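What follows is one structure encoded as structure tokens, with my remarks underneath.
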Amino acid sequence: MSTTSNKAQSDPSAPVIRLEAVGLSYGKIRALDGITLDIPSGRMVGLIGPDGVGKSSLLSLIAGARAIQEGHVHVLGGDMADAAHRRRTCPQIAYMPQGLGKNLYPTLSVFENADFFGRLFGQDKREREQRIDELLQDTGLAPFADRPAGKLSGGMKQKLSLCCALIHDPDLLILDEPTTGVDPLSRRQFWELIDGIRGSHPGMSVIVATAYMEEAARFDWLVAMDEGHVLATGTPADLLRQTGAANLDAAFIALLPEAQRRDHRDVVIPPRPSGSADDIAIEAEHLTVRFGDFTAVNNVSFRIPRGEIFGFLGSNGCGKTTTMKVLTGLLPASEGTAKLFGHEVDPNDMDVRRRVGYMSQAFSLYSELTIRQNLELHARLFRLAPDMIEGRIQEMARRFDLVDVVDALPDALPLGVRQRLSLAVAMIHAPEILILDEPTSGVDPVARDDFWQSLSDLSRKDNVTIFVSTHFMNEAERCDRISLMHAGKVLISDAPARLAELRGGGSLEEAFVAYLQDAIGATDTELPRAVPATAIEAEPASNNGAARGWLTRFFDLRRMFAYTHREALELRRDPIRATLAVLGSLIMMFVLGYGLNMDVENLSFAVMDHDDTTISRDYILQISGSRYFTEMPPITDYDDLDRRMRSGELSLALEIPPGFARDAAHGRNVKIGAWIDGAMPSRAETVRSYVQAMHATWLAQRAQLLYGNAATTGDFRIEVRFRYNPDIKSIVAMAPAVIPILLLIIPAILATLSVVREKELGSIINFYVTPVTRLEFLAGKQVPYVALAMLNFFLLTAFAVFVFRVPFTGSFFAFTTAALLYVIITTAMGLVISAFISSQIAAIFATALLTMIPATTYSGLVDPVSSLQGAGAFIGRIYPTAHFVTITRGTFSKGLDFGDLVGPFVALLVTIPVLIGLGVVLLRKQAS
Amino acid sequence: MRVSNIIQLGVKELRGLLRDPMMLILIVYAFTVSIYTASRSQPETLNQAALAIVDEDKSPASTRIVTAFNPPFFTIPRLILQSEVNARMDAGLDTFALNIPPNFQRDLLAQRSPAIQLNVDATRMSQAFTGSGYIQSIVGDEVSEFLARYRSATPLPIELALRARFNPELNKGWFGSINNVISSITMLSIILTGAALIREREHGTIEHLLVMPVTPFEIMASKIWSMGLVVLLASSVSLVFVVQGLLSVPIGGSILLFLLGTALYLFATTNMGIFLATVGGTMPQFGLLMMLVLMPLQMLSGATTPRESMPEIIQNIMLAAPNTHFVILAQAVLFRGAGLDVVWPQLAALLVIGAILFFFSLQRFREFLR
């Protein structure tokens with residue numbers, strides 16, 4: 001095995017990870033504080049503690065995904081602050097970040113995801129296919145190889161994530177809450193997989209963060225954490241002995257500092273009074289819900305008496321939420337009936353909703369409203385009498401212990417308090433039924449116990465019927481009855497203790513798993529193979545680094561194309577981005593071609609002719625005969641003139657005075673009145689110059705008629721040659737100038753998005769923890785966008801030549817070469833911008849602004865660069881668009897070739913390495 | 001449908017907006033700084049046009065012409081040789097090249113009508129046409145004055161009294177500022193409503209609303225009125241204080257009539273915002289869609305270039321867009337002082353388009369909620 005040589009270098013008894021005084025702050029928040037710890041190698045180590053205590057931060061430091069702020073982190077015999085050590089060891093470390101499928105790409109299939117990771121570790125096609133095949137077989141994912149990762153259940157996503165982590169055969173496996181939100185059976189399968197892998201790979205160290213204490217009990221060694229500190233370390237047995245607690249949940253609470261556990265009381269739920277079972281609050285009979293071919297809920301029946309706490313257990317996507325939605329009247333049932341208090345639920349009946357309180361997963365109230373405002377809004381929407389609202393808010397605040405924080409914003413409060421707010425909101429209208437969808441996920445144990453005490457009070461004191469779903473077994477045990485649900489079916493409903501008894505008196509979790517296995521039976525394909533060991537033995541995963549030349553450590557085409565390939569696949573599956581990438585610029589070209597049109601034609605004009613002689617009519621004919629003007633019915637009087645000009649109907653109004661012909665013939669001074677609509681100044685300017693020119697021409701013609709040829713000869717002549725665009729058509733000038741702008745904005749935005757998307761969605765972590773270098777990452781992402789931009793270039797050019805009929809006179813080859821250089825620059829600009837931005841929406845706006853303004857104002861689109869002054873002139877000289885505009889106009893209209901355009905070409909060539917270098921320097925290989 | 005629900009939910013939107021500093025900054029920016037700068041930076045038609053002169057005469061008459069060109073309309077002319085003209089124009093260094101032939105003065109005085117050649121780079125539309133007009137008249141004036149020392153000019157028998165109405169000096173800043181108010185209204189109303197919807201979806205609060213006795217119609221109506229109101233207020237403040245006050249653009253007509261038109265226009269655009277949000281689903285997708293939709297709407301509405309210079313088919317298609325009608329209305333009311341009797345067709349069109357968009361969006365919105 002390749003790894004044995006690595007192992008031999010380090011003493012197996014030495015700790016795999018050494019932490020010395022490690023600290024980490026996010027702004028003012030202290031995530032980790034002075035952690036000093038040795039983690040033994042070759043063990044399964046658990047990091048336990050509720051959400052937000054710093055487990056994830058610590059793991060990301062160990063994985064090298066986050067830059068170290070304080071202290072020292074030694075992993076696999078080297079300092080993780082040292083970039084060279086990180087580069088050497090990252091092929092030995094696998095890191096699975098928190099969140100279901102956080103490092104996966106949802107639009108890519110199962111196989112494509114695993115394949116991408118294989119490429120990142122430089123594996124060739126044969127090796128990748130073999131390893132992926134084995135891993136998918138072992139995890140039971142093989143039948144789903146073509147399914148997009150986004151459509152997998154939570155458990156399957158985590159298995160796929162594990163496959164991706166194991167593809168390079170690591171020595172240290174770091175798992176951050178791998179089973180949160182996953183059903184017990186999938187959880188068990190997951191741990192069996194890990195056990196199998198460890199069995200066949202004894203040297204491997206595994207470090208796992210988890211919030212499930214039942215799970216942690218199976219680990220070799222535990223680190224209990226709270227608020228950035230280590231509370232205790234040792235084997236599970238050590239911790240239990242130390243605290244004298246019966247289970248790890250209790251042990252953890254006992255380890256907490258005094259202040260935090262002072263208010264903690266064990267949850268006591270009094271037994272339900274007997275004889276109340278006849279009063280049925282919720283009743284489902286043969287309930288079935290289908291979405292197309294998919295049956296989400298399949299023939300589900302249950303009856304819940306008033307005042308009972310009824311628990312719903314099952315994996316993500318098993319139909320719990322759908323069932324709850326039917327009961328709240330949100331969704332209609334396809335078949336069967338749902339009844340509340342004996343009345344059938346009608347989705348259109350708003351009154352049903354007023355009898356039900358609903359609390360959805362996690363916190364989903366308005367974080368922009370204070371607690372009081374949230375309560376008030378819901379009270380009003382539930383139509384409480386206005387004079388009762390204030391009293392009710394006070395009551396809820398008292399009851400759920402929110403009085404002190406009633407004017408605070410929810411975001412400023414701990415999750416436990418926010419969950420109490422959710423419950424208060426769900427109770428504001430005093431519903432008889434409370435439906436709670438996984439209300440406690442992510443809440444710490446003390447707050448969870450508080451929460452359950454509130455539920456108990458509601459049930460026992462107020463006789464509220466509570467229908468709750470959960471993943472936690474210790475919460476399920478607190479329910480009066482529970483239903484186990486799987487794949488849309490209810491497997492069994494009974495009291496928790498009785499269920500455990502029925503399946504041999506073990507724990508409830510074991511009973512649940514047993515029921516699930518029965519239900520799945522032989523038909524299940526997701527179940528892992530019995531011995532998931534062969535894979536790891538099979539073959540040395542990759543002989544990274546050492547075996548291949550040193551050069552590949554810094555630049556490897558395979559790793560680069562891993563990103564290219566993935567980017568292209570993702571783009572293809574995102575309809576909006578793909579449309580923008582392929583058709584966006586064409587649409588814009590069309591719009592700009594007409595929108596920026598400076599030709600003015602068919603201007604409407606009308607005349608008030610008081611003279612009405614042949615001479616005045618001749619004057620009018622002169623104007624109406626030109627292509628610039630279209631004559632409208634004559635103006636009758638001044639009111640008519642005023643009205644028609646105000647409505648914008650007339651751009652030009654002429655008034656020819658009475659006696660015009662007569663006076664003109666006698667050489668008396670005559671004045672023709674002309675009014676131009678000045679509302680649109682540029683149009684008015686054009687109208688003015690047209691009218692003046694026509695007036696002058698007409699005078700010259702009249703003069704010629706009157707005085708003969710002598711009059712026409714002026715003192716001198718100006719011969720105007722309109723070069724390059726003899727017809728002075730706007731489109732000939734604009735279309736070639738618009739191409740550089742379109743090839744700038746859209747490719748730059750797409751390139752920025754390609755990086756920022758990864759930052760926002762979290763998959764950037766794969767770049768942090770794999771051997772891919774910064775240049776490979778950026779160049780890999782750039783390639784597909786350069787290709788797309790070139791496709792756009794050809795489309796735009798064809799559009800200009802064939803649709804807009806702009807003649808192309810110069811060297812097409814020179815033009816194409818320049819375009820290639822230019823789109824490399826524009827995509828690189830996007831990559832540079834991406835270094836400063838972390839949200840996609842900001843990326844879109846910032847990139848548009850940063851590229852559009854210099855391109856439209858300082859690059860010769862409207863005003864030539866030679867007319868710019870000061871800063872504008874400087875930008876115009878260095879901005880690549882200005883140079884490409886010169887090339888575009890030169891090749892399109894001026895008939896130029898390479899030789900005539902040396903200057904702009906050199907400018908473009910120099911810009912490329914500068915921008916790409918800047919992008920590489922600015923990109924961080926770790927989160928900071 | 002209950003009006004009180006619509007009001008309550010709308011108030012909630014307003015409170016949410018108050019706590020969103022980015023959006024507030026965007027609103028303030030779009031209605032003040034952006035309008036002010038856009039109006040001030042509207043370039044004059046001819047500004048620093050690059051002119052080169054080939055003076056092959058070197059006489060008092062030709063020198064007179066050479067010294068007649070000054071900033072801001074033109075750069076100080078660069079004196080070049082005949083052989084340089086083509087290369088310099090190819091490289092885009094000069095927009096205009098004026099060639100004064102040898103013996104120009106002699107021929108002029110001898111009434112042999114000598115010809116001056118003016119080369120214009122016609123790929124520079126913004127300068128080519130007006131610039132050549134200016135050059136011709138400047139050269140003409142200089143030549144006439146030069147000749148006036150020798151003989152007097154003959155007056156024109158018929159005069160053309162040309163006046164521009166509504167904007168006598170053809171100040172481009174007036175037009176630019178109103179235009180920017182219009183585009184800020186369009187952009188913000190779409191962004192605010194779309195973002196309000198997407199925020200609810202991303203935070204999971206929309207699901208919460210749906211289990212309450214609230215209908216999709218009420219949810220949508222609340223977003224429309226609240227965000228529309230914000231934009232209406234912002235635009236009227238901007239019109240009075242920035243456009244009329246700071247930029248001293250005279251408003252010809254009734255601001256109230258304009259605001260009535262704006263309200264109807266907002267009804268249409270906020271619905272469009274909802275529609276785009278349901279198509280996009282997430283903020284980034286929504287942002288990209290905006291780019292594809294907003295620019296065509298604005299460019300082809302007649303706000304930047306007159307509608308009559310667009311192909312007929314585009315003019316007709318754009319009649320379906322609310323922008324077109326709003327631009328017509330805004331220009332008529334604000335510049336030309338048109339009253340209800342003139343702009344009622346636009347008001348009616350906005351109402352019809354808004355109503356169609358509303359029902360269309362409501363359908364989409366209902367599907368979106370599933």
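Residue names in the structure tokens use chain letters A, B, ... in the order shown, residue numbers from 1 in each chain, and ligand numbers from 1 in the order shown.
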task = Output as JSON, numbers by chain all residues of segment 387-604 of chain A that backbone DSSP marks as strand (DSSP E).
result = {"A": [433, 434, 435, 436, 437, 465, 466, 467, 468, 469, 470, 481, 482, 483, 484, 485, 486, 489, 490, 491, 492, 493, 494, 603, 604]}
query = Near Leu621 of chain A, counting only C-alpha atoms, which residues have an atom at most 12 Å away, once you skip same-chain residues fewer than 6 positions from it, shown as a list in words?
reply =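 Returned residues: Phe605, Ala606, Val607, Thr614, Ile615, Arg627, Phe629, Thr630, Glu631, Met694, His695 and Trp698 of chain A.
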Just write the chosen residues, C-alpha atoms, as a PDB file, in the first residue's frame.
```pdb
ATOM      1  CA  PHE A 605     -44.119  67.763 -38.918  1.00  0.00           C
ATOM      2  CA  ALA A 606     -47.072  69.912 -39.832  1.00  0.00           C
ATOM      3  CA  VAL A 607     -47.518  73.348 -41.303  1.00  0.00           C
ATOM      4  CA  THR A 614     -47.198  77.902 -55.139  1.00  0.00           C
ATOM      5  CA  ILE A 615     -44.064  79.270 -53.550  1.00  0.00           C
ATOM      6  CA  ARG A 627     -36.750  60.932 -45.981  1.00  0.00           C
ATOM      7  CA  PHE A 629     -39.753  64.125 -42.384  1.00  0.00           C
ATOM      8  CA  THR A 630     -43.291  62.883 -42.680  1.00  0.00           C
ATOM      9  CA  GLU A 631     -46.038  65.420 -43.145  1.00  0.00           C
ATOM     10  CA  MET A 694     -33.033  72.477 -46.183  1.00  0.00           C
ATOM     11  CA  HIS A 695     -33.871  76.118 -45.749  1.00  0.00           C
ATOM     12  CA  TRP A 698     -34.229  76.036 -50.871  1.00  0.00           C
TER      13      TRP A 698
END
```
message = Show me, as a list in words, the residues that have an atom within 7 Å of segment 95-105 of chain B when counting only C-alpha atoms, minus same-chain residues fewer than 6 positions from it.
response =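 Those residues are Ala49, Ala50, Leu51, Ala52, Ile53, Val54, Asp55, Glu56, Asp57, Ser59, Ala61, Ser62, Val85, Met89, Pro114, Ile116, Gln117, Leu118, Asn119, Val120 and Asp121 of chain B.
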message = Which residues are close to segment 290-300 of chain B, i.e. within 8 Å by only C-alpha atoms, leaving aside same-chain residues fewer than 6 positions away? Reply as a list in words.
response = Leu580, Gly584, Ile587, Met588, Val591, Leu592, Tyr594, Gly595 and Leu596 of chain A; Ser183, Met187, Leu276, Arg307, Ile314, Met318, Ala321, Asn323 and Thr324 of chain B
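Within 12 Å of Ala476 of chain A, once only C-alpha atoms are used and residues closer than 6 positions along the same chain are dropped, the contacting residues are A:Ile309, A:Phe310, A:Gly311, A:Phe312, A:Leu313, A:Gly314, A:Glu438, A:Thr440, A:Trp452, A:Phe467, A:Val468, A:Ser469, A:Thr470, A:Ile482, A:Ser483, A:Leu484, A:Asp494, A:Ala495, A:Pro496, A:Ala497, A:Leu499, A:Ala500, A:Ser507, A:Leu508, A:Glu509, A:Phe512.
Residues surrounding Gly245 of chain B within 12 Å are Thr32, Tyr36, Ser177, Val237, Ser238, Leu239 and Ile251 of chain B [only C-alpha atoms; sequence separation below 6 positions excluded].
With distances restricted to only C-alpha atoms, A:Leu603 is the closest residue to chain B from A:Val446, A:Leu603, A:Leu402, A:Leu516.
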key: Atom-to-atom span, atom CA of Gly228 of chain B and atom CA of Val279 of chain B, Å   = 20.5 Å
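In terms of minimum interatomic distance to Arg336 of chain B, A:Ile676 ranks closest within A:Ile676, A:Leu861, A:Leu100, A:Ala800, counting only C-alpha atoms.
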key: DSSP-assigned helix (DSSP H, G or I) members of segment 260-401 of chain A, reported as a PyMOL selection string   = chain A and resi 260-261+320-328+350-353+371-381+386-399
Between atom CA of Leu340 of chain A and atom CA of Ile206 of chain B - distance in Å to one decimal = 23.7 Å
message = One decimal, in Å: what's the spacing between atom CA of Pro143 of chain A and atom CA of Gln98 of chain A?
response =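 Atom CA of Pro143 of chain A sits 25.6 Å away from atom CA of Gln98 of chain A.
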task = Please provide as number ranges by chain all residues within 10 Å of segment 188-191 of chain A, with the sequence filter that same-chain residues fewer than 5 positions apart are discarded (counting only C-alpha atoms).
result = A: 139-140, 155-156, 158-159, 162, 178-179, 182-183, 196-197, 215, 218, 509-510, 513, 526-528
task = Between B:Gly273, B:Pro250, B:Pro306, B:Gly354, single out the one closest to chain A, counting only C-alpha atoms.
result =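 Smallest separation from chain A among the options: B:Pro306.
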note = With distances taken over only C-alpha atoms, the candidate from B:Thr269, B:Thr282, B:Ser184, B:Ser39 nearest chain A is B:Thr282
query = Which one of B:Leu259, B:Ala87, B:Val33, B:Val181 sits closest to chain A if you count only C-alpha atoms?
reply =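 Among B:Leu259, B:Ala87, B:Val33, B:Val181, it is B:Ala87 that comes nearest to chain A.
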